[in-house]
Structures are given as structure tokens and as C-alpha cells.
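Visitor: Sharing run-v4.txt below, compact mmCIF, C-alpha atoms:
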# COMPACT_ATOMS: atom_id res chain seq x y z
CA MET A 276 -60.20 8.67 10.15
CA PHE A 277 -57.68 11.10 11.60
CA GLU A 278 -55.68 12.80 8.89
CA ASN A 279 -52.77 13.62 11.26
CA LEU A 280 -52.58 9.95 12.28
CA GLU A 281 -52.67 8.72 8.69
CA ALA A 282 -49.97 11.23 7.69
CA TYR A 283 -47.85 9.99 10.61
CA LEU A 284 -48.31 6.36 9.54
CA ARG A 285 -47.50 7.20 5.92
CA GLU A 286 -44.24 8.76 7.04
CA ILE A 287 -43.36 5.71 9.13
CA ASN A 288 -44.12 3.55 6.10
CA GLN A 289 -41.57 5.52 4.05
CA TYR A 290 -38.80 4.29 6.34
CA LEU A 291 -40.21 0.89 7.16
CA ALA A 292 -38.04 -1.53 5.19
CA VAL A 293 -39.51 -4.86 6.28
CA LYS A 294 -40.07 -7.73 3.87
CA GLU A 295 -43.59 -8.52 5.04
CA GLY A 296 -46.13 -7.41 7.61
CA GLY A 297 -45.67 -3.67 7.01
CA ASP A 298 -49.44 -3.04 6.89
CA GLU A 299 -49.88 -5.04 10.06
CA ILE A 300 -47.28 -2.95 11.88
CA LEU A 301 -49.02 0.25 10.84
CA ALA A 302 -52.43 -1.15 11.83
CA GLU A 303 -51.09 -2.03 15.27
CA ILE A 304 -49.61 1.45 15.78
CA ARG A 305 -52.90 3.02 14.62
CA SER A 306 -54.89 0.87 17.04
CA HIS A 307 -52.51 1.66 19.89
CA ILE A 308 -52.56 5.43 19.36
CA LEU A 309 -56.36 5.59 19.14
CA GLU A 310 -56.81 3.44 22.23
CA LYS A 311 -54.29 5.44 24.23
CA ALA A 312 -55.92 8.72 23.17
CA GLU A 313 -59.30 7.43 24.35
CA SER A 314 -57.87 6.05 27.54
CA GLU A 315 -55.88 9.14 28.54
CA PHE A 316 -58.06 11.95 27.17
CA GLY A 317 -61.54 10.39 27.25
CA ALA A 318 -61.96 10.44 23.46
CA ALA A 319 -59.89 10.19 20.29
CA THR A 320 -59.89 13.68 18.76
CA ASP A 321 -57.44 15.44 16.47
CA GLU A 322 -55.85 17.11 19.49
CA SER A 323 -55.61 14.03 21.71
CA VAL A 324 -54.34 11.89 18.82
CA GLN A 325 -51.72 14.55 18.05
CA LYS A 326 -50.50 14.48 21.64
CA ILE A 327 -50.14 10.69 21.58
CA ILE A 328 -48.35 10.86 18.21
CA ALA A 329 -45.88 13.36 19.70
CA SER A 330 -45.07 10.98 22.54
CA TYR A 331 -44.83 7.90 20.28
CA GLY A 332 -41.65 9.13 18.60
CA ARG A 333 -40.39 10.49 15.30
CA PRO A 334 -41.48 8.36 12.30
CA ARG A 335 -37.94 7.55 11.28
CA GLU A 336 -36.94 6.41 14.77
CA VAL A 337 -40.09 4.31 15.08
CA ALA A 338 -39.39 2.59 11.75
CA GLU A 339 -35.73 2.01 12.62
CA LYS A 340 -36.69 0.01 15.69
CA TYR A 341 -38.25 -2.61 13.43
CA LEU A 342 -34.97 -2.95 11.53
CA ASP A 343 -32.93 -4.17 14.48
CA GLY A 344 -30.29 -6.63 13.23
CA SER A 345 -31.14 -6.21 9.57
CA ASP A 346 -28.14 -4.31 8.22
CA ILE A 347 -27.91 -3.37 4.57
CA ILE A 348 -24.29 -4.53 4.60
CA ALA A 349 -22.96 -6.41 7.64
CA PRO A 350 -20.53 -4.15 9.58
CA ALA A 351 -17.91 -6.90 9.33
CA PHE A 352 -17.80 -6.38 5.56
CA ARG A 353 -16.99 -2.68 5.76
CA LYS A 354 -13.30 -3.24 5.04
CA HIS A 355 -14.11 -5.73 2.31
CA LEU A 356 -16.26 -3.11 0.64
CA PHE A 357 -13.30 -0.82 0.05
CA ARG A 358 -10.78 -3.58 -0.62
CA TYR A 359 -12.98 -5.13 -3.28
CA THR A 360 -13.75 -1.74 -4.77
CA TRP A 361 -10.09 -0.76 -5.10
CA LEU A 362 -9.21 -4.15 -6.53
CA LEU A 363 -11.98 -3.97 -9.09
CA PHE A 364 -11.06 -0.41 -9.91
CA ALA A 365 -7.42 -1.40 -10.43
CA VAL A 366 -8.53 -3.90 -13.07
CA HIS A 367 -10.87 -1.28 -14.50
CA ALA A 368 -8.06 1.29 -14.71
CA LEU A 369 -5.73 -1.24 -16.33
CA LEU A 370 -8.33 -2.12 -18.96
CA THR A 371 -8.92 1.58 -19.55
CA ALA A 372 -5.19 2.05 -20.16
CA VAL A 373 -5.22 -0.86 -22.63
CA ALA A 374 -8.34 0.51 -24.36
CA LEU A 375 -6.69 3.93 -24.69
CA GLY A 376 -3.43 2.42 -25.91
CA PHE A 377 -5.06 0.30 -28.59
CA HIS A 378 -7.86 2.82 -29.42
CA THR A 379 -10.51 0.19 -28.90
CA SER A 380 -13.36 -0.71 -26.58
CA ILE A 381 -13.17 -3.62 -24.14
CA MET A 382 -16.07 -5.61 -22.80
CA MET A 383 -15.81 -8.31 -20.16
CA PHE A 384 -19.36 -9.36 -19.46
CA PRO A 385 -20.92 -8.64 -17.02
CA PHE A 386 -18.55 -6.45 -15.04
CA PHE A 387 -16.55 -4.28 -17.39
CA PHE A 388 -17.26 -2.18 -20.40
CA VAL A 389 -14.62 0.30 -21.38
CA PRO A 390 -15.68 2.32 -24.41
CA ARG A 391 -13.33 3.62 -27.04
CA MET A 392 -12.66 7.20 -26.02
CA PRO A 393 -10.21 10.08 -26.36
CA ASN A 394 -7.50 10.22 -23.68
CA LEU A 395 -8.98 13.29 -21.97
CA VAL A 396 -12.37 11.63 -21.56
CA ALA A 397 -10.66 9.00 -19.39
CA PHE A 398 -10.34 11.63 -16.64
CA VAL A 399 -14.12 11.76 -16.47
CA TYR A 400 -14.60 8.06 -17.15
CA LEU A 401 -12.37 6.75 -14.36
CA PRO A 402 -14.13 8.49 -11.42
CA MET A 403 -17.43 7.20 -12.83
CA ALA A 404 -15.88 3.73 -13.11
CA TRP A 405 -14.88 3.90 -9.44
CA LEU A 406 -18.44 4.73 -8.46
CA ALA A 407 -19.76 1.90 -10.63
CA ASP A 408 -17.30 -0.53 -9.02
CA PHE A 409 -18.30 0.70 -5.56
CA GLY A 410 -21.94 0.15 -6.47
CA LEU A 411 -21.30 -3.34 -7.81
CA VAL A 412 -19.33 -4.38 -4.72
CA SER A 413 -22.00 -2.87 -2.45
CA PHE A 414 -24.64 -4.86 -4.30
CA VAL A 415 -22.73 -8.13 -3.96
CA LEU A 416 -22.08 -7.53 -0.24
CA TYR A 417 -25.73 -6.59 0.23
CA ILE A 418 -26.79 -9.93 -1.29
CA VAL A 419 -24.23 -11.78 0.88
CA THR A 420 -25.46 -9.96 4.01
CA GLN A 421 -29.10 -10.76 3.30
CA LYS A 422 -28.53 -14.40 2.36
CA ASN A 423 -25.65 -15.52 4.56
CA ARG A 424 -23.96 -12.85 6.62
CA ASN A 425 -21.63 -15.42 8.20
CA LEU A 426 -20.03 -16.25 4.89
CA SER A 427 -16.27 -15.79 4.98
CA LEU A 428 -14.45 -14.35 2.01
CA PRO A 429 -11.24 -16.46 2.10
CA TRP A 430 -9.65 -15.31 -1.10
CA LEU A 431 -9.32 -11.84 0.34
CA ARG A 432 -6.76 -13.15 2.82
CA ILE A 433 -3.95 -12.42 0.39
CA PHE A 434 -4.76 -8.72 0.79
CA ARG A 435 -4.79 -8.86 4.56
CA ALA A 436 -2.01 -6.64 5.77
CA ARG A 437 0.14 -7.81 8.62
CA ARG A 438 0.08 -4.89 10.96
CA GLY A 439 3.48 -3.64 11.95
CA ALA A 440 5.27 -5.79 9.39
CA PRO A 441 7.06 -3.89 6.65
CA GLN A 442 5.29 -4.22 3.32
CA LEU A 443 8.38 -3.53 1.22
CA LYS A 444 12.03 -4.26 1.92
CA SER A 445 14.05 -1.14 2.55
CA PRO A 446 16.11 -0.03 -0.45
CA LYS A 447 19.84 -0.69 -0.16
CA PRO A 448 22.42 1.97 -1.14
CA ALA A 449 24.68 -0.71 -2.72
CA VAL A 450 21.92 -1.75 -5.12
CA LEU A 451 21.31 1.85 -6.13
CA VAL A 452 25.00 2.34 -6.77
CA MET A 453 25.07 -0.84 -8.87
CA LEU A 454 22.06 0.34 -10.89
CA LEU A 455 23.68 3.74 -11.44
CA VAL A 456 26.89 2.09 -12.63
CA ILE A 457 24.94 -0.10 -15.08
CA LEU A 458 23.05 2.96 -16.30
CA ALA A 459 26.28 4.93 -16.74
CA VAL A 460 28.03 2.10 -18.59
CA THR A 461 25.11 1.35 -20.91
CA SER A 462 24.61 5.08 -21.58
CA TYR A 463 28.30 5.37 -22.46
CA PHE A 464 28.05 2.45 -24.89
CA PHE A 465 24.92 3.84 -26.45
CA LEU A 466 26.32 7.34 -26.89
CA ARG A 467 29.51 5.97 -28.36
CA TYR A 468 28.22 3.11 -30.57
CA HIS A 469 24.43 3.87 -30.85
CA THR A 470 23.66 0.34 -29.76
CA LEU A 471 23.81 -1.94 -26.72
CA PHE A 472 23.75 -5.21 -28.68
CA PHE A 473 27.14 -6.71 -29.59
CA TYR A 474 28.58 -10.06 -30.65
CA SER A 475 31.51 -9.31 -28.37
CA VAL A 476 32.30 -6.51 -25.97
CA ASN A 477 35.66 -5.54 -27.37
CA LEU A 478 36.12 -1.83 -26.71
CA HIS A 479 38.61 -1.44 -29.56
CA ALA A 480 36.60 -3.28 -32.19
CA PRO A 481 32.99 -3.79 -31.07
CA GLU A 482 30.82 -6.00 -33.25
CA PRO A 483 27.15 -4.89 -33.21
CA PHE A 484 24.77 -7.65 -34.32
CA LEU A 485 21.48 -5.82 -35.12
CA ASN A 486 20.64 -3.53 -38.02
CA PRO A 487 21.36 0.12 -36.99
CA ALA A 488 17.72 1.32 -36.83
CA ALA A 489 16.56 -1.60 -34.67
CA ALA A 490 19.69 -1.49 -32.53
CA ALA A 491 19.27 2.23 -31.78
CA PHE A 492 15.57 1.93 -31.10
CA LEU A 493 15.78 -1.15 -28.85
CA SER A 494 18.80 0.26 -27.00
CA LEU A 495 16.93 3.49 -26.36
CA MET A 496 13.94 1.57 -25.02
CA PHE A 497 16.21 -0.52 -22.78
CA LEU A 498 17.82 2.65 -21.42
CA ALA A 499 14.40 4.20 -20.80
CA ALA A 500 13.32 1.11 -18.81
CA LEU A 501 16.60 1.11 -16.89
CA LEU A 502 16.27 4.83 -16.12
CA CYS A 503 12.75 4.18 -14.87
CA GLU A 504 14.05 1.40 -12.61
CA VAL A 505 16.80 3.67 -11.22
CA ILE A 506 14.42 6.56 -10.55
CA ALA A 507 11.88 4.24 -8.88
CA TYR A 508 14.58 2.67 -6.69
CA ALA A 509 15.99 6.07 -5.72
CA ALA A 510 12.49 7.39 -4.94
CA ARG A 511 12.03 4.55 -2.45
CA PHE A 512 14.74 6.11 -0.27
CA ILE A 513 12.34 9.05 0.19
CA VAL A 514 9.00 7.20 0.32
CA ASN A 515 9.14 3.42 0.42
CA SER A 516 5.68 2.88 -0.99
CA ALA A 517 4.19 0.16 -3.18
CA TRP A 518 2.73 2.92 -5.33
CA ILE A 519 6.21 3.61 -6.72
CA ARG A 520 6.58 -0.01 -7.75
CA LEU A 521 3.12 0.08 -9.30
CA VAL A 522 3.84 3.19 -11.36
CA LYS A 523 7.22 1.79 -12.43
CA ASN A 524 5.62 -1.40 -13.73
CA VAL A 525 2.98 0.57 -15.61
CA VAL A 526 5.70 2.67 -17.29
CA ILE A 527 7.68 -0.46 -18.23
CA LEU A 528 4.54 -2.01 -19.69
CA LEU A 529 4.06 1.15 -21.75
CA ILE A 530 7.66 0.88 -23.00
CA LEU A 531 7.02 -2.75 -24.01
CA TRP A 532 3.86 -1.62 -25.74
CA VAL A 533 5.85 0.96 -27.74
CA ILE A 534 8.33 -1.79 -28.73
CA TRP A 535 5.51 -4.13 -29.72
CA ASN A 536 3.91 -1.47 -31.94
CA SER A 537 7.15 -0.32 -33.53
CA PRO A 538 7.28 -0.70 -37.33
CA ILE A 539 11.07 -1.17 -37.27
CA THR A 540 12.26 -4.48 -38.72
CA VAL A 541 14.76 -6.33 -36.55
CA GLN A 542 17.50 -8.15 -38.48
CA PHE A 543 21.07 -9.40 -38.05
CA ARG A 544 23.48 -6.66 -39.08
CA ASP A 545 25.62 -9.09 -41.08
CA ILE A 546 22.83 -11.37 -42.37
CA PRO A 547 20.18 -8.92 -43.68
CA GLY A 548 17.82 -11.63 -44.98
CA VAL A 549 16.94 -13.08 -41.54
CA ASP A 550 13.92 -11.39 -39.88
CA LEU A 551 14.15 -11.52 -36.07
CA SER A 552 10.71 -10.01 -35.45
CA PHE A 553 9.17 -13.36 -34.42
CA VAL A 554 11.90 -14.18 -31.88
CA GLY A 555 11.84 -10.56 -30.67
CA GLY A 556 8.05 -10.70 -30.35
CA ILE A 557 8.23 -13.79 -28.13
CA LEU A 558 10.86 -12.09 -26.00
CA VAL A 559 8.68 -9.00 -25.61
CA LEU A 560 5.69 -11.18 -24.72
CA LEU A 561 7.72 -12.94 -22.03
CA LEU A 562 8.76 -9.58 -20.61
CA VAL A 563 5.13 -8.43 -20.68
CA VAL A 564 4.07 -11.52 -18.69
CA VAL A 565 6.84 -11.02 -16.12
CA THR A 566 6.08 -7.28 -15.78
CA ALA A 567 2.33 -7.92 -15.55
CA ALA A 568 2.97 -10.41 -12.74
CA GLU A 569 5.08 -7.78 -10.97
CA LEU A 570 2.30 -5.27 -11.54
CA LEU A 571 -0.22 -7.58 -9.88
CA LYS A 572 2.11 -8.12 -6.93
CA SER A 573 2.49 -4.39 -6.50
CA LEU A 574 -1.28 -4.00 -6.74
CA VAL A 575 -1.67 -6.41 -3.82
CA LEU A 576 0.86 -4.40 -1.83
CA VAL A 577 -0.87 -1.12 -2.68
CA ILE A 578 -4.21 -2.52 -1.49
CA ARG A 579 -2.54 -3.74 1.70
CA GLU A 580 -1.04 -0.30 2.23
CA MET A 581 -4.44 1.32 1.81
CA SER A 582 -6.14 -1.08 4.20
CA LEU A 583 -3.76 -0.20 7.03
CA PRO A 584 -5.11 2.39 9.45
CA MET B 178 -22.29 12.72 30.04
CA MET B 179 -22.63 10.22 32.86
CA ASP B 180 -26.41 10.15 32.39
CA ALA B 181 -26.05 9.47 28.67
CA GLU B 182 -23.54 6.69 29.33
CA PHE B 183 -25.78 5.11 31.92
CA SER B 184 -28.76 5.40 29.60
CA THR B 185 -26.92 3.27 27.01
CA PHE B 186 -25.94 0.81 29.74
CA GLU B 187 -29.52 0.62 30.98
CA THR B 188 -30.84 0.08 27.45
CA GLU B 189 -28.44 -2.83 27.00
CA MET B 190 -29.47 -4.33 30.33
CA ASN B 191 -33.14 -3.93 29.53
CA ARG B 192 -32.94 -5.50 26.09
CA GLY B 193 -32.87 -9.08 27.31
CA PHE B 194 -34.87 -8.37 30.45
CA LEU B 195 -37.81 -6.95 28.51
CA GLN B 196 -37.95 -10.06 26.35
CA LEU B 197 -38.20 -12.16 29.49
CA LEU B 198 -40.89 -9.87 30.94
CA ALA B 199 -42.91 -10.22 27.73
CA LEU B 200 -42.63 -14.00 27.83
CA VAL B 201 -43.81 -14.01 31.45
CA ALA B 202 -46.66 -11.53 30.86
CA LEU B 203 -47.91 -13.39 27.79
CA GLU B 204 -48.75 -16.48 29.78
CA ARG B 205 -52.15 -14.87 29.42
CA LYS B 206 -53.45 -13.60 26.05
CA MET B 207 -52.84 -9.86 25.85
CA TYR B 208 -52.62 -6.98 23.38
CA GLY B 209 -49.87 -4.36 23.28
CA TYR B 210 -51.51 -1.47 25.10
CA GLY B 211 -52.86 -3.79 27.82
CA MET B 212 -49.44 -5.26 28.24
CA ILE B 213 -47.85 -1.82 28.69
CA LYS B 214 -50.38 -1.06 31.41
CA GLN B 215 -49.74 -4.35 33.15
CA LEU B 216 -45.98 -3.83 33.08
CA GLU B 217 -46.49 -0.33 34.51
CA LEU B 218 -48.51 -1.80 37.36
CA ALA B 219 -45.64 -4.19 38.02
CA GLY B 220 -43.26 -1.20 38.19
CA TYR B 221 -41.66 -1.40 34.75
CA ALA B 222 -42.17 1.43 32.28
CA VAL B 223 -41.70 0.57 28.65
CA GLU B 224 -42.07 2.77 25.59
CA GLU B 225 -44.61 1.53 23.10
CA ASN B 226 -42.25 2.04 20.16
CA THR B 227 -39.87 -0.36 21.91
CA LEU B 228 -42.44 -3.00 22.87
CA TYR B 229 -44.11 -3.51 19.48
CA PRO B 230 -40.90 -4.19 17.51
CA LEU B 231 -39.83 -6.54 20.31
CA LEU B 232 -43.11 -8.46 20.11
CA ARG B 233 -42.62 -8.75 16.38
CA ARG B 234 -39.15 -10.27 16.88
CA LEU B 235 -40.44 -12.73 19.48
CA GLU B 236 -43.19 -13.77 17.08
CA LYS B 237 -40.68 -14.17 14.27
CA ASN B 238 -38.69 -16.52 16.55
CA GLY B 239 -41.85 -18.54 17.15
CA TRP B 240 -41.82 -17.78 20.89
CA ILE B 241 -45.19 -16.03 20.84
CA ALA B 242 -48.18 -16.20 18.49
CA SER B 243 -50.64 -13.48 17.54
CA GLU B 244 -54.14 -12.99 16.17
CA TRP B 245 -56.30 -9.98 15.41
CA ASP B 246 -59.52 -9.55 17.36
CA VAL B 247 -62.12 -7.23 15.84
CA SER B 248 -65.04 -8.22 18.06
CA GLU B 249 -64.95 -5.02 20.18
CA GLY B 250 -65.09 -2.51 17.35
CA ARG B 251 -61.43 -1.50 17.39
CA PRO B 252 -59.09 -4.14 15.94
CA ARG B 253 -56.54 -5.35 18.49
CA LYS B 254 -53.64 -7.68 17.97
CA PHE B 255 -53.48 -10.23 20.78
CA TYR B 256 -50.35 -12.15 21.68
CA VAL B 257 -49.80 -15.33 23.68
CA ILE B 258 -46.74 -17.43 24.49
CA THR B 259 -46.14 -20.66 22.51
CA GLU B 260 -44.73 -23.98 23.77
CA LYS B 261 -41.37 -23.06 22.26
CA GLY B 262 -41.58 -19.72 24.06
CA LYS B 263 -42.25 -21.49 27.35
CA ASP B 264 -39.06 -23.53 26.94
CA VAL B 265 -37.08 -20.38 26.20
CA ARG B 266 -38.66 -18.64 29.17
CA ALA B 267 -37.70 -21.50 31.51
CA GLN B 268 -34.10 -21.36 30.33
CA ALA B 269 -34.00 -17.56 30.57
CA LEU B 270 -35.36 -17.61 34.12
CA LYS B 271 -32.68 -20.13 35.05
CA VAL B 272 -29.97 -17.88 33.57
CA LEU B 273 -31.38 -14.88 35.43
CA ALA B 274 -31.38 -16.80 38.72
CA GLU B 275 -27.79 -17.91 38.17
CA GLN B 276 -26.71 -14.37 37.30
CA SER B 277 -28.38 -12.98 40.41
CA GLU B 278 -26.73 -15.66 42.54
CA THR B 279 -23.31 -14.91 41.01
CA LEU B 280 -23.78 -11.22 41.68
CA ARG B 281 -24.89 -11.89 45.27
CA ARG B 282 -21.85 -14.09 45.98
CA LEU B 283 -19.52 -11.51 44.44
CA MET B 284 -21.00 -8.73 46.54
CA GLU B 285 -20.63 -10.82 49.68
CA VAL B 286 -16.89 -11.14 49.01
CA ASP B 287 -16.47 -7.40 48.62
CA HIS B 288 -18.54 -5.78 51.37
CA ASN B 289 -17.85 -2.29 50.04
CA VAL B 290 -20.33 -2.71 47.14
Any chance you could put this one into C-alpha cells?
Guide:
Amino acid sequence: MFENLEAYLREINQYLAVKEGGDEILAEIRSHILEKAESEFGAATDESVQKIIASYGRPREVAEKYLDGSDIIAPAFRKHLFRYTWLLFAVHALLTAVALGFHTSIMMFPFFFVPRMPNLVAFVYLPMAWLADFGLVSFVLYIVTQKNRNLSLPWLRIFRARRGAPQLKSPKPAVLVMLLVILAVTSYFFLRYHTLFFYSVNLHAPEPFLNPAAAAFLSLMFLAALLCEVIAYAARFIVNSAWIRLVKNVVILLILWVIWNSPITVQFRDIPGVDLSFVGGILVLLLVVVTAAELLKSLVLVIREMSLP
Amino acid sequence: MMDAEFSTFETEMNRGFLQLLALVALERKMYGYGMIKQLELAGYAVEENTLYPLLRRLEKNGWIASEWDVSEGRPRKFYVITEKGKDVRAQALKVLAEQSETLRRLMEVDHNV
């Protein structure tokens, strides 16, 4: 028993990640080193064994040679690793925003658990969520690599960026001008009449159709959304990035959330008995669906942007 | 820099060649250290930490088989080629001959090489 040889083999064993036959590998190396020491130095002694160990190679390098072709994650999945992670994190971040907005916890077994937390805690929670998502994706890709590394991941094709092709259409000055005109006109109406909702647009005798509180509130929300649209469109002249579209959709969703949670009763101005909350609610829901779809589209574009070199 | 580049090139060239050498040498039952010595006699130096993982891969493919012999005091793992290994060896030798012939013809065309 040569302690230096056993220590060397123990160190190799630390790095030797083979499913079976690890002991046999070590036994073969032991046998080889002892035989070579005897053959080259006449006898296996601590010194001769040490010299053979030195020439055999560093334990880590020796162990790595047995791992040839057995990657933890196939190199071809490297891009998928980050694409999947960012996609998962986008969902995670969205759920976190919802959990914060509604002061609740959200659980979607087995992937997501967003606890109820104060807003500031989210700044700590989200980086941890990213790491958890990265870990989960790594684990899945590890399983895929070990079981069937040739498996294709077809649904990821929608995120495949076409190199060289523009991801977003360039903003047009005429559209910006049109948006600014609409913003100016609606702002004028709001400042003058405190509402944007009329039976008829007669400048001399306008006929608003909602109760004043609801009319002012909903008009203000509409203006906020329109302002957001104008700013986002104008910003695209500076940086035409999908991130702008993403942020815009998030802000519009927040505005819709404020409308949804508003305690203001919506009624006809001239028929006070009729409650329009149900019809209004359906309208808001429709807008939420449309905006959420836009948000998902912009998420796809953002992921494409990030996957470009 | 050139030496390092050539070293990588040589390693790549040797990867397949060493497998073929092992399949040829293991026509006769042999253990690792004995095999290294025999290859040295034939003019091919191989590092032991390269040969043993390679033998393990060949065995995993079913091209060679192994058994431990403890009759001489020190346990030794002996290897020998299998029937499947012989088929692979025959094909590999054919490929090698074709490659050599291709190279020879190419060099005949360009006499500067």
C-alpha cells in the first residue's frame, strides 16, 4: 500500500464522473503505476511510485480523459439554455408583477411560486428567480443531453432570429405626427369639457354621456395610455428596440389594472339608474387580452434581439 | 504557436489511428502496460492516460473484451479483440488504404509536395 498512490487515486476519483466501472478504472491505473515503477526502477517504492505518478498526469486531466463525449449539456443547446431561461424569467417577472399588484401569492406547480411580498423585496426576489429559472432550464437540458442529445426543440423556432432582417419596422414620422395630433385634440377636449365621451361631437353644445366622475377618470386613463403610446413611438426614433414595445405594453396593462380596480361607478349621465360596470368590465377584459397578446409578441421580439450576436 | 497548432492537429490525426492500432495489437490478448511497450517497439509512443480511456471506449462499443487476471500476484486487466471489433478493424484498414491512395495520387499531381 503506497499512501501517495492511494491519495493520487482518491483525487482522480473526485473528478471521475462515470456511471459505472469507476473502481475498475482506478484499479487499472494502480496496477499500471506499480508495474511501471517496478519495470523502470527495479522496485515499487515511495520514490519510484511518485516519479511514475508525476509522469502519469494531473488527477483532473486523467479523469477528464474518461469523460470524452459525455457533456453535461450538449454544446448545441448552449443558445437554448439562455433563450429558455429568459423566456421562463419573463413569465416569472410577469407573475411577480401580478402578485405585487394584487397583493397575493401565485403558485403554478411545479415551476412557479411567487410569494406575497412587499414591492421592495421584489428587487431581491427577481434575481433569485432568474437563477432558479437558469437552474431549472439547465436541469432539463442536462436530462435531454443524457437521454437523447439529438432531440430537436422545434417550438423554439419562433424565437429564432433571422440574422440581418430588421426585427421591428422603422417608425414613420407621419404616424408620430398623427399620434401627436390625436393627443393634442383629446387633451384639448379633456381640459375644456373634463371628458372624452360624447353622444355627439358638437363643439358648441357637446353632449357627454357618462356621469362626471367616471367620465373624468376614464378620460384621464385614456390620455395616459395615449401619452404612453406617443412616448414609446417617439423613443423608437432614437432606439428602435423591442424593449420599448415591451415596457409600453406593461404600462398599458397597469393602466387597465387601475381601471379594473377603480371603485367609481360608471353610469349614463342622463339615465342615472343604468349601471354600465358590467359592459365596461367586458371592454376592459377585451383590452387586457389584446394588450397581453401584444406583450407576448414583444417578448418574442425581445428574446430574438437578445439571441443576436 | 506553430508547435501548439501542430500538436492539436497531430492529436486529431492520432485519435482514429490509435484506435486502429489498438484493434490490430489486440489480435493477441494483452494488458495495458504490455500494449504500450509493444506499440513503442513498433515506433509509436502513446501516453498511458490516453490509452486506458481509449480501451474503455472500445470495450463500451463491444469491439474489445476484457478480463482481470490475478494469477501472477498483481492484478492485470487483459484485453482482446471481439468478432465485432474484427469487422470494424477490416473496414478501418480499408478506409486507411483508400486515404493513403488518395493522398498518393494527389501528391503525384502536384510534384511540389
Visitor: If you count all atoms listed in the file, which residues fall within 10 Å of range 206-213 of chain B, apart from same-chain ones fewer than 6 positions away, as a list in words?
Guide: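 So, after excluding close chain neighbours, the residues are Glu303, Ile304, Ser306, His307, Ile308, Glu310 and Lys311 of chain A; Ala199, Ala219, Tyr221, Ala222, Val223, Glu224, Glu225, Leu228, Tyr229, Leu232, Ala242, Ser243, Glu244, Trp245, Asp246, Arg253, Lys254, Phe255, Tyr256, Val257 and Ile258 of chain B.
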Visitor: I need the contact residues of chain A against chain B, so if you could list those with any atom within 10 Å, counting all atoms listed in the file, and return them as a PyMOL selection string, that would help.
Guide: chain A and resi 296+299-300+302-311+330-333+336-343
Visitor: Using all atoms listed in the file, which of the listed residues (A:Ala349, A:Glu322, A:Ala459, A:Ala282) sits closest to Tyr417 in chain A?
Guide: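 Going through A:Ala349, A:Glu322, A:Ala459, A:Ala282 one by one, the smallest distance to Tyr417 in chain A is for A:Ala349.
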Visitor: Between CA of Thr379 in chain A and CA of Ala397 in chain A, what is the distance, to one decimal in Å?
Guide: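 Atom-to-atom, CA of Thr379 in chain A and CA of Ala397 in chain A are spaced 13.0 Å apart.
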Visitor: Using all atoms listed in the file for the distances, tell me which of B:Gln268, B:Thr185, B:Gln196, B:Thr259 is nearest to Trp240 in chain B.
Guide: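 Using all atoms listed in the file, Trp240 in chain B sits closest to B:Thr259.
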Visitor: Find the smallest box with edges along x, y and z containing every listed atom of range 280-288 of chain A, then add 5 Å on each side and report centre and edge lengths in Å to one decimal, as AutoDock Vina command-line options.
Guide:
--center_x -48.0 --center_y 7.4 --center_z 9.1 --size_x 19.3 --size_y 17.7 --size_z 16.4
Visitor: Env of Gly193 in chain B: 12 Å cut, atoms = all atoms listed in the file, seq-sep filter 6 positions within chain, self excluded. Answer as a list in words.
Guide: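 Once the nearby chain positions are removed, what remains is Glu187, Ala199, Leu200, Leu231, Leu235, Arg266, Ala269, Leu270, Val272 and Leu273 of chain B.
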Visitor: How many Å separate CA of Glu315 in chain A from CA of Gly220 in chain B?
Guide: 19.0 Å
Visitor: Just how far from CA of Leu284 in chain A is CA of Ile418 in chain A, in Å to one decimal?
Guide: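 CA of Ile418 in chain A sits 29.1 Å away from CA of Leu284 in chain A.
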Visitor: Please work out which residues fall within 8 Å of (-18.3, -2.1, -15.9), coordinates as given in the file, with all atoms listed in the file counting, and return them as a ChimeraX atom specification.
Guide: /A:367,383,385-389,404,407-408
Visitor: I need the chosen residues saved as a tab-separated table (two decimals), in the coordinates of the input, with C-alpha atoms.
Guide:
chain	number	residue	atom	x	y	z
A	367	HIS	CA	-10.87	-1.28	-14.50
A	383	MET	CA	-15.81	-8.31	-20.16
A	385	PRO	CA	-20.92	-8.64	-17.02
A	386	PHE	CA	-18.55	-6.45	-15.04
A	387	PHE	CA	-16.55	-4.28	-17.39
A	388	PHE	CA	-17.26	-2.18	-20.40
A	389	VAL	CA	-14.62	0.30	-21.38
A	404	ALA	CA	-15.88	3.73	-13.11
A	407	ALA	CA	-19.76	1.90	-10.63
A	408	ASP	CA	-17.30	-0.53	-9.02
Visitor: So which residues touch Gly376 in chain A within 12 Å, counting only C-alpha atoms, skipping near sequence neighbours fewer than 3 positions away, as a list in words?
Guide: Leu369, Leu370, Thr371, Ala372, Val373, Thr379, Ser380, Ile381, Arg391, Met392, Pro393, Asn394, Ala397, Leu528, Leu529, Ile530, Leu531, Trp532, Val533, Trp535 and Asn536 of chain A
Visitor: Which residue gives the smallest distance to Asn515 in chain A among A:His355, A:Lys444, A:Arg579, A:Lys572, with only C-alpha atoms counted?
Guide: A:Lys444
Visitor: For a cut-off of 7 Å around (20.9, -2.9, -41.0), file coordinates, pick out all residues using all atoms listed in the file and list them as number ranges by chain.
Guide: A: 485-488, 542, 544, 547
Visitor: Between A:Cys503, A:Ala374, A:Val460, A:Met403, single out the one closest to Val522 in chain A, counting all atoms listed in the file.
Guide: A:Cys503
Visitor: Kindly indicate which residue among A:Gly410, A:Asn423, A:Arg511, A:Ser314 lies nearest to Lys214 in chain B, using all atoms listed in the file for the distances.
Guide: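 The shortest atom-to-atom distance to Lys214 in chain B comes from A:Ser314.
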Visitor: Which residue is closest to Ala509 in chain A? Choose from A:Ser462, A:Val450, A:Val526, A:Leu561 and count only C-alpha atoms.
Guide: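 Looking at the shortest contact to Ala509 in chain A, the residue is A:Val450.
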